[in-house]
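Step one of this worksheet: look at the structure below.
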Amino acid sequence: MAIESLGVGSNLDLTSLLSGLKSAEQEKLAPINSKLSSTNAKLSGFGQLQSSLESFQTASQKLNSAKLYEGFSAKVSGSSLTATAESTAAAGSYDIKINTLATAQSLATAGRADTTSSIGTGALTVNVGDKSTAIDITDGSLAGIRDAINNADAGVKASIVNDGSGTPYRLVLNSQTTGAASTMSFSSDNSDLGALFSGTTETVAASDASLTVNGLAITSSSNTVEEAIQGVTLNLVETTAEGASTKLTVNQDTESVKTAVEDFVKAYNSLADKISSLTKVSGEGDSVKGASLTGNSTVRSVQSTLRDAMSNTVDGEGMNYLFEAGINFTKDGKLEVGDEKKLDEALANNLDGMKGLFAGDGKTGIASRLDTSITQMLKDNGAVGSAKAGLESSVKSLEARSLRMQDTIETTVERYKKQFQQLDVMMSKLNNTQSYLSQQLEAL
C-alpha cells in the first residue's frame with residue numbers, strides 16, 4: 001500500500017513535523033556557515049591589505065630608483081617648441097629662435113578628366129632622397145597608380161584631389177620625410193607613365209629647419225632636433241615671431257622627486273586607512289562588533305615592520321631621518337609633509353641627501369627597506385602570504401565539511417520521511433481494522 005501524501009493514512013500533520021525536523025537538522029550547518037563566513041571575511045581583508053601594500057610598495061620603488069634623482073627637466077617659455085631632457089643633460093639657460101620649420105616636398109601631376117582611364121602600365125621607380133623603390137603598375141588608372149604607390153612603402157603617400165577645373169583630377173604626391181635632401185623623383189619604362197610624373201608641379205618645397213641656439217646657427221632635416229643641446233630633444237612647432245625668442249631652461253628635475261615623495265606619503269596614508277577599516281571596533285556594550293581583522297597579530301606585525309623601516313636611522317652621510325626632509329608621523333600614525341619649506345630646501349640644495357635617505361645604496365635607504373620588507377611579507381612564506389594561504393586552506397576545508405554535512409542532513413531527512421510513510425501505512429491499516437471491528441460489534 002503506497003501513500004503519496006504524508007498524514008493521509010494516519011490523519012496526522014506529518015508534513016509539518018518532517019519540516020520541523022528538517023529545520024532542526026539544518027541548524028547543524030549554522031556553526032560551519034558562520035565559521036566559513038568569518039574566514040572568507042578575513043581572507044577578503046587580507047586581499048585588501050595586500051592590494052594596499054602593493055600600492056605603497058610601488059610608491060616606495062619610485063623613490064628607490066637612482067634615476068629619479070639624476071633626471072633633468074626642460075621648461076619652455078612659449079609655444080614655438082617643446083623640449084624633453086635626458087639624464088645626460090646639463091643645467092643651463094638657452095635663447096632659441098626658430099626661423100623656418102623643416103618641410104616635406106609635395107608634387108602634383110597635371111589634371112585628368114577621370115580617375116579610371118588607363119594611363120599606362122609598367123615599372124615605376126620612386127626615389128626619395130637616397131632611397132629607391134621599384135613599383136610594378138598593373139592598373140594604369142590614376143586610382144590604380146595611387147594605390148600601388150601607397151602599398152609600396154616607398155616613402156611617398158599619394159592622393160587624388162579635385163581642383164574643379166575641366167580636367168580636375170590630380171595625383172598629389174607627398175614625401176613622408178622632411179628636409180632638403182628628401183626630394184622626390186620618378187622614372188618609368190612606360191613613356192606615358194614617365195610623362196605623367198615628369199610634368200608634376202612642386203606645391204611644397206623640401207626644406208630644412210633653421211634655428212639659432214644662443215646665437216649659434218643650426219640646421220636640421222627634421223623638426224625633432226636632438227643633441228643641438230646636450231641631452232635635450234627639441235620639438236619644433238612654429239617659427240618664432242620677428243625679434244622674439246623662446247627661453248629654454250634645463251634644471252635638475254626636483255619636481256618629479258617631490259611628486260614621488262608626496263605620492264609616497266599618500267600611499268602610506270591610504271594603507272593606514274585601509275588597516276584602520278579592517279581592524280576597527282564599532283558599537284557599544286553587548287553590540288560591540290569587530291571588523292574582519294580586528295586584533296589580528298599579522299596586521300600588527302605588518303604595521304610594526306613598516307613603522308620601523310621608516311623610523312630607524314639611515315646610515316651614511318647626508319640625511320638620516322624622514323623629518324630632515326620635512327616628513328613626520330602624525331598622532332594618528334599617518335605621514336604628512338609637515339614642513340614643505342624644509343622639503344623644498346632639501347630638493348633644491350641636497351638632492352644627493354634625499355637620494356641617500358630614500359634609496360641609499362639600493363638596500364639601506366628607507367624606500368629600499370620598505371621594498372624589501374613588503375616583498376617578504378607578500379611571499380608565500382611571508383606574514384601576509386602565509387596568512388592568506390592558511391585562510392584559503394581553511395575555506396576549502398569548511399566548504400568540504402559543509403557539503404558532507406548537507407549530505408548527512410539529506411540522508412537523515414530522507415530516513416525520517418520513510419519512517420513517516422511507514423507510520424502512515426501502519427496507522428491506515430489499524431484504522432481500517434478498527435473500523436471493521438466496530439462494524440462487526442455493531443452487527444452483533
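Quick note on naming: the chains in the C-alpha cells go A, B, ... in the order shown, residues restart at 1 in each chain, and ligands are numbered from 1 in order of appearance.
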Distance query range 62-79 of chain A at most 7 Å, only C-alpha atoms, self and fewer than 2 positions along chain excluded, as a ChimeraX atom specification: /A:58-60,81-87,89,246-253,257,260,351,355,358-359,362,367-368
Residues of the last selection are to be written out with N, CA, C and O atoms, as a compact mmCIF listing (two decimals), in the first residue's frame.
# COMPACT_ATOMS: atom_id res chain seq x y z
N THR A 58 54.79 50.18 -4.67
CA THR A 58 55.03 50.86 -5.94
C THR A 58 55.53 52.28 -5.71
O THR A 58 56.47 52.74 -6.37
N ALA A 59 54.89 52.98 -4.77
CA ALA A 59 55.31 54.34 -4.45
C ALA A 59 56.72 54.34 -3.86
O ALA A 59 57.53 55.24 -4.15
N SER A 60 57.04 53.35 -3.05
CA SER A 60 58.39 53.24 -2.47
C SER A 60 59.43 52.95 -3.53
O SER A 60 60.54 53.50 -3.50
N LEU A 81 57.99 75.72 -29.41
CA LEU A 81 58.63 74.41 -29.33
C LEU A 81 58.31 73.75 -28.00
O LEU A 81 57.87 74.41 -27.05
N THR A 82 58.52 72.45 -27.94
CA THR A 82 58.51 71.71 -26.69
C THR A 82 59.86 71.03 -26.55
O THR A 82 60.59 70.88 -27.54
N ALA A 83 60.21 70.63 -25.35
CA ALA A 83 61.53 70.04 -25.14
C ALA A 83 61.47 68.99 -24.05
O ALA A 83 60.68 69.08 -23.11
N THR A 84 62.32 67.97 -24.18
CA THR A 84 62.49 66.95 -23.15
C THR A 84 63.98 66.79 -22.87
O THR A 84 64.80 66.92 -23.78
N ALA A 85 64.29 66.54 -21.62
CA ALA A 85 65.70 66.41 -21.22
C ALA A 85 65.97 65.02 -20.68
O ALA A 85 65.15 64.45 -19.96
N GLU A 86 67.11 64.45 -21.04
CA GLU A 86 67.53 63.14 -20.55
C GLU A 86 68.52 63.32 -19.40
O GLU A 86 68.93 64.45 -19.07
N SER A 87 68.94 62.22 -18.82
CA SER A 87 69.86 62.28 -17.68
C SER A 87 71.24 62.79 -18.07
O SER A 87 72.02 63.21 -17.22
N ALA A 89 71.72 65.44 -19.80
CA ALA A 89 71.65 66.90 -19.97
C ALA A 89 72.45 67.61 -18.89
O ALA A 89 72.86 67.01 -17.89
N THR A 246 62.53 82.18 -27.79
CA THR A 246 61.93 81.29 -26.80
C THR A 246 62.99 80.94 -25.77
O THR A 246 64.12 80.59 -26.12
N LYS A 247 62.61 81.00 -24.51
CA LYS A 247 63.55 80.71 -23.42
C LYS A 247 63.41 79.25 -23.01
O LYS A 247 62.31 78.77 -22.71
N LEU A 248 64.52 78.54 -23.02
CA LEU A 248 64.54 77.15 -22.57
C LEU A 248 65.45 77.07 -21.34
O LEU A 248 66.61 77.49 -21.39
N THR A 249 64.92 76.51 -20.26
CA THR A 249 65.70 76.35 -19.04
C THR A 249 65.78 74.87 -18.69
O THR A 249 64.76 74.19 -18.60
N VAL A 250 66.99 74.38 -18.50
CA VAL A 250 67.22 72.98 -18.14
C VAL A 250 67.77 72.93 -16.72
O VAL A 250 68.80 73.55 -16.43
N ASN A 251 67.06 72.24 -15.84
CA ASN A 251 67.47 72.10 -14.44
C ASN A 251 67.29 70.67 -13.99
O ASN A 251 66.61 69.87 -14.66
N GLN A 252 67.87 70.34 -12.85
CA GLN A 252 67.60 69.03 -12.27
C GLN A 252 66.12 68.92 -11.97
O GLN A 252 65.48 69.87 -11.53
N ASP A 253 65.57 67.75 -12.22
CA ASP A 253 64.13 67.54 -12.12
C ASP A 253 63.71 67.26 -10.68
O ASP A 253 63.41 66.12 -10.30
N VAL A 257 60.86 64.38 -8.14
CA VAL A 257 61.20 63.82 -6.82
C VAL A 257 60.16 64.24 -5.80
O VAL A 257 59.68 63.41 -5.00
N ALA A 260 57.05 62.27 -6.25
CA ALA A 260 57.24 60.91 -5.76
C ALA A 260 57.14 60.86 -4.24
O ALA A 260 56.58 59.91 -3.68
N LEU A 351 69.91 67.25 -3.00
CA LEU A 351 69.25 66.15 -3.70
C LEU A 351 69.98 64.83 -3.46
O LEU A 351 69.35 63.78 -3.38
N LYS A 355 68.42 61.37 -2.03
CA LYS A 355 68.68 60.06 -2.63
C LYS A 355 69.20 59.09 -1.59
O LYS A 355 68.77 57.92 -1.54
N PHE A 358 66.26 57.95 0.88
CA PHE A 358 65.24 57.03 0.39
C PHE A 358 65.83 55.81 -0.33
O PHE A 358 65.34 54.69 -0.16
N ALA A 359 66.86 56.02 -1.15
CA ALA A 359 67.41 54.91 -1.94
C ALA A 359 68.67 54.33 -1.32
O ALA A 359 68.89 53.12 -1.36
N GLY A 362 70.71 51.24 -2.51
CA GLY A 362 69.79 50.27 -3.09
C GLY A 362 69.26 49.29 -2.07
O GLY A 362 68.36 48.50 -2.35
N ALA A 367 63.12 53.78 1.43
CA ALA A 367 62.33 53.16 0.37
C ALA A 367 62.85 51.77 0.03
O ALA A 367 62.08 50.86 -0.28
N SER A 368 64.18 51.60 0.10
CA SER A 368 64.79 50.29 -0.16
C SER A 368 64.34 49.27 0.88
O SER A 368 63.96 48.14 0.56
Tell me, as an mmCIF file with N, CA, C and O atoms, in the first residue's frame, which residues lie within 10 Å of Asp139 in chain A, counting only C-alpha atoms; anything in the same chain fewer than 2 positions away does not count.
data_model
loop_
_atom_site.group_PDB
_atom_site.id
_atom_site.type_symbol
_atom_site.label_atom_id
_atom_site.label_comp_id
_atom_site.auth_asym_id
_atom_site.auth_seq_id
_atom_site.Cartn_x
_atom_site.Cartn_y
_atom_site.Cartn_z
ATOM 1 N N THR A 116 39.667 56.714 -63.750
ATOM 2 C CA THR A 116 39.580 55.295 -64.099
ATOM 3 C C THR A 116 40.225 54.932 -65.433
ATOM 4 O O THR A 116 40.546 53.762 -65.670
ATOM 5 N N SER A 117 40.401 55.909 -66.322
ATOM 6 C CA SER A 117 41.008 55.609 -67.625
ATOM 7 C C SER A 117 42.480 55.261 -67.443
ATOM 8 O O SER A 117 43.194 55.877 -66.644
ATOM 9 N N SER A 118 42.943 54.273 -68.204
ATOM 10 C CA SER A 118 44.323 53.825 -68.070
ATOM 11 C C SER A 118 45.298 54.818 -68.707
ATOM 12 O O SER A 118 45.085 55.290 -69.836
ATOM 13 N N ILE A 119 46.339 55.118 -67.986
ATOM 14 C CA ILE A 119 47.412 55.995 -68.476
ATOM 15 C C ILE A 119 48.533 55.147 -69.041
ATOM 16 O O ILE A 119 49.117 55.453 -70.090
ATOM 17 N N GLY A 120 48.838 54.064 -68.349
ATOM 18 C CA GLY A 120 49.900 53.174 -68.785
ATOM 19 C C GLY A 120 50.310 52.250 -67.665
ATOM 20 O O GLY A 120 50.106 52.541 -66.489
ATOM 21 N N THR A 121 50.879 51.113 -68.013
ATOM 22 C CA THR A 121 51.354 50.147 -67.015
ATOM 23 C C THR A 121 52.833 49.886 -67.225
ATOM 24 O O THR A 121 53.384 50.180 -68.283
ATOM 25 N N GLY A 122 53.456 49.306 -66.212
ATOM 26 C CA GLY A 122 54.877 49.015 -66.306
ATOM 27 C C GLY A 122 55.588 49.310 -65.007
ATOM 28 O O GLY A 122 54.967 49.450 -63.941
ATOM 29 N N ASP A 136 55.601 47.912 -59.501
ATOM 30 C CA ASP A 136 55.001 47.355 -60.715
ATOM 31 C C ASP A 136 53.572 47.888 -60.823
ATOM 32 O O ASP A 136 52.713 47.560 -60.001
ATOM 33 N N ILE A 137 53.324 48.721 -61.835
ATOM 34 C CA ILE A 137 51.999 49.297 -62.040
ATOM 35 C C ILE A 137 51.208 48.380 -62.959
ATOM 36 O O ILE A 137 51.515 48.252 -64.150
ATOM 37 N N SER A 141 45.303 53.213 -64.192
ATOM 38 C CA SER A 141 44.439 54.375 -63.962
ATOM 39 C C SER A 141 45.045 55.239 -62.864
ATOM 40 O O SER A 141 45.938 54.810 -62.116
ATOM 41 N N LEU A 142 44.532 56.475 -62.759
ATOM 42 C CA LEU A 142 45.033 57.372 -61.713
ATOM 43 C C LEU A 142 44.818 56.750 -60.336
ATOM 44 O O LEU A 142 45.714 56.809 -59.473
ATOM 45 N N ALA A 143 43.658 56.134 -60.125
ATOM 46 C CA ALA A 143 43.364 55.487 -58.837
ATOM 47 C C ALA A 143 44.273 54.288 -58.609
ATOM 48 O O ALA A 143 44.758 54.048 -57.496
ATOM 49 N N GLY A 144 44.538 53.522 -59.685
ATOM 50 C CA GLY A 144 45.406 52.356 -59.558
ATOM 51 C C GLY A 144 46.838 52.731 -59.238
ATOM 52 O O GLY A 144 47.517 52.069 -58.435
ATOM 53 N N ILE A 145 47.332 53.805 -59.889
ATOM 54 C CA ILE A 145 48.698 54.277 -59.618
ATOM 55 C C ILE A 145 48.799 54.761 -58.172
ATOM 56 O O ILE A 145 49.773 54.477 -57.462
ATOM 57 N N ARG A 146 47.776 55.499 -57.725
ATOM 58 C CA ARG A 146 47.759 55.953 -56.330
ATOM 59 C C ARG A 146 47.873 54.776 -55.365
ATOM 60 O O ARG A 146 48.697 54.780 -54.441
ATOM 61 N N ASP A 147 47.047 53.757 -55.588
ATOM 62 C CA ASP A 147 47.030 52.607 -54.669
ATOM 63 C C ASP A 147 48.358 51.856 -54.702
ATOM 64 O O ASP A 147 48.857 51.405 -53.655
ATOM 65 N N ALA A 148 48.959 51.703 -55.877
ATOM 66 C CA ALA A 148 50.230 50.987 -55.988
ATOM 67 C C ALA A 148 51.330 51.714 -55.218
ATOM 68 O O ALA A 148 52.144 51.086 -54.532
#
Among the residues A:Thr212, A:Asn127, A:Thr372, A:Thr279, the one that comes closest to Gln57 in chain A [using only C-alpha atoms]: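 Result for the nearest residue to Gln57 in chain A: A:Thr372.
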Which residues are close to Gly179 in chain A, i.e. within 10 Å by only C-alpha atoms, leaving aside same-chain residues fewer than 3 positions away? Reply as a ChimeraX atom specification. /A:101-105,129,175,182-183,205-209,219-223
Can you spit out the residues from that selection as a short mmCIF file (atom, residue, chain, number, x, y, z; two decimals), in the first residue's frame, using all heavy atoms?
data_model
loop_
_atom_site.label_atom_id
_atom_site.label_comp_id
_atom_site.auth_asym_id
_atom_site.auth_seq_id
_atom_site.Cartn_x
_atom_site.Cartn_y
_atom_site.Cartn_z
N LEU A 101 60.67 76.01 -40.34
CA LEU A 101 60.43 74.61 -39.98
C LEU A 101 60.84 73.71 -41.14
O LEU A 101 60.80 74.11 -42.30
CB LEU A 101 58.96 74.39 -39.65
CG LEU A 101 58.40 75.11 -38.43
CD1 LEU A 101 56.90 74.84 -38.31
CD2 LEU A 101 59.11 74.68 -37.16
N ALA A 102 61.21 72.49 -40.81
CA ALA A 102 61.52 71.51 -41.86
C ALA A 102 60.22 71.09 -42.53
O ALA A 102 59.19 70.89 -41.88
CB ALA A 102 62.20 70.29 -41.24
N THR A 103 60.26 71.01 -43.85
CA THR A 103 59.06 70.63 -44.61
C THR A 103 59.36 69.44 -45.52
O THR A 103 60.52 69.19 -45.88
CB THR A 103 58.54 71.80 -45.47
OG1 THR A 103 59.59 72.25 -46.34
CG2 THR A 103 58.07 72.95 -44.60
N ALA A 104 58.30 68.73 -45.88
CA ALA A 104 58.41 67.61 -46.81
C ALA A 104 57.89 68.07 -48.17
O ALA A 104 56.93 68.84 -48.27
CB ALA A 104 57.58 66.42 -46.31
N GLN A 105 58.55 67.62 -49.24
CA GLN A 105 58.16 68.04 -50.58
C GLN A 105 56.79 67.49 -50.97
O GLN A 105 56.41 66.38 -50.58
CB GLN A 105 59.20 67.56 -51.60
CG GLN A 105 58.96 68.09 -53.01
CD GLN A 105 59.96 67.52 -54.00
OE1 GLN A 105 60.36 66.37 -53.91
NE2 GLN A 105 60.37 68.35 -54.97
N GLY A 129 65.14 61.05 -51.60
CA GLY A 129 66.49 61.17 -51.07
C GLY A 129 67.35 60.09 -51.68
O GLY A 129 67.43 59.97 -52.90
N SER A 175 56.06 63.53 -49.86
CA SER A 175 57.17 62.81 -49.24
C SER A 175 56.87 62.64 -47.76
O SER A 175 56.32 63.52 -47.10
CB SER A 175 58.47 63.59 -49.42
OG SER A 175 59.50 62.98 -48.66
N SER A 182 65.44 65.32 -48.99
CA SER A 182 64.42 64.30 -49.22
C SER A 182 63.47 64.68 -50.35
O SER A 182 62.25 64.59 -50.22
CB SER A 182 63.63 64.06 -47.92
OG SER A 182 64.47 63.54 -46.92
N THR A 183 64.04 65.11 -51.47
CA THR A 183 63.21 65.42 -52.65
C THR A 183 62.82 64.13 -53.35
O THR A 183 63.48 63.09 -53.21
CB THR A 183 63.98 66.33 -53.62
OG1 THR A 183 65.22 65.70 -53.96
CG2 THR A 183 64.24 67.69 -53.00
N ALA A 205 58.00 72.89 -51.27
CA ALA A 205 59.42 72.54 -51.44
C ALA A 205 59.94 71.83 -50.20
O ALA A 205 59.50 72.09 -49.08
CB ALA A 205 60.24 73.80 -51.69
N ALA A 206 60.88 70.91 -50.42
CA ALA A 206 61.54 70.25 -49.30
C ALA A 206 62.56 71.21 -48.71
O ALA A 206 63.37 71.81 -49.43
CB ALA A 206 62.23 68.98 -49.77
N SER A 207 62.53 71.37 -47.38
CA SER A 207 63.48 72.31 -46.76
C SER A 207 63.86 71.84 -45.37
O SER A 207 63.13 71.07 -44.72
CB SER A 207 62.87 73.71 -46.69
OG SER A 207 61.75 73.73 -45.83
N ASP A 208 65.00 72.31 -44.91
CA ASP A 208 65.47 72.00 -43.56
C ASP A 208 64.93 73.02 -42.57
O ASP A 208 64.57 74.15 -42.94
CB ASP A 208 67.01 72.04 -43.51
CG ASP A 208 67.64 70.90 -44.28
OD1 ASP A 208 66.98 69.85 -44.43
OD2 ASP A 208 68.80 71.07 -44.75
N ALA A 209 64.91 72.61 -41.31
CA ALA A 209 64.59 73.57 -40.25
C ALA A 209 65.81 74.44 -40.00
O ALA A 209 66.95 73.97 -40.09
CB ALA A 209 64.20 72.83 -38.98
N THR A 219 70.98 73.87 -38.46
CA THR A 219 70.00 73.36 -39.44
C THR A 219 69.70 71.91 -39.10
O THR A 219 70.55 71.17 -38.58
CB THR A 219 70.54 73.45 -40.87
OG1 THR A 219 71.75 72.69 -40.97
CG2 THR A 219 70.78 74.88 -41.27
N SER A 220 68.48 71.50 -39.42
CA SER A 220 68.05 70.13 -39.14
C SER A 220 67.07 69.69 -40.22
O SER A 220 66.19 70.45 -40.62
CB SER A 220 67.37 70.05 -37.77
OG SER A 220 66.77 68.79 -37.56
N SER A 221 67.23 68.46 -40.67
CA SER A 221 66.32 67.94 -41.69
C SER A 221 64.95 67.60 -41.09
O SER A 221 63.98 67.41 -41.82
CB SER A 221 66.91 66.70 -42.34
OG SER A 221 67.10 65.67 -41.37
N SER A 222 64.91 67.52 -39.76
CA SER A 222 63.67 67.16 -39.07
C SER A 222 63.28 68.25 -38.09
O SER A 222 64.13 69.02 -37.61
CB SER A 222 63.85 65.83 -38.32
OG SER A 222 62.79 65.59 -37.44
N ASN A 223 62.01 68.31 -37.75
CA ASN A 223 61.57 69.25 -36.72
C ASN A 223 61.78 68.70 -35.31
O ASN A 223 61.47 69.37 -34.32
CB ASN A 223 60.09 69.59 -36.94
CG ASN A 223 59.89 70.47 -38.15
OD1 ASN A 223 60.63 71.42 -38.39
ND2 ASN A 223 58.88 70.14 -38.97
#
Expected answer as a ChimeraX atom specification: strand (DSSP E) residues in range 150-271 of chain A: /A:156-162,169-175,184-188,201-204,209-213,216-220,224-229,232-236,246-252
Pull the alpha helix (DSSP H) assignments for range 229-422 of chain A out of DSSP run on the backbone, and list those residues as a ChimeraX atom specification. /A:254-279,297-311,340-349,351-358,366-378,383-422
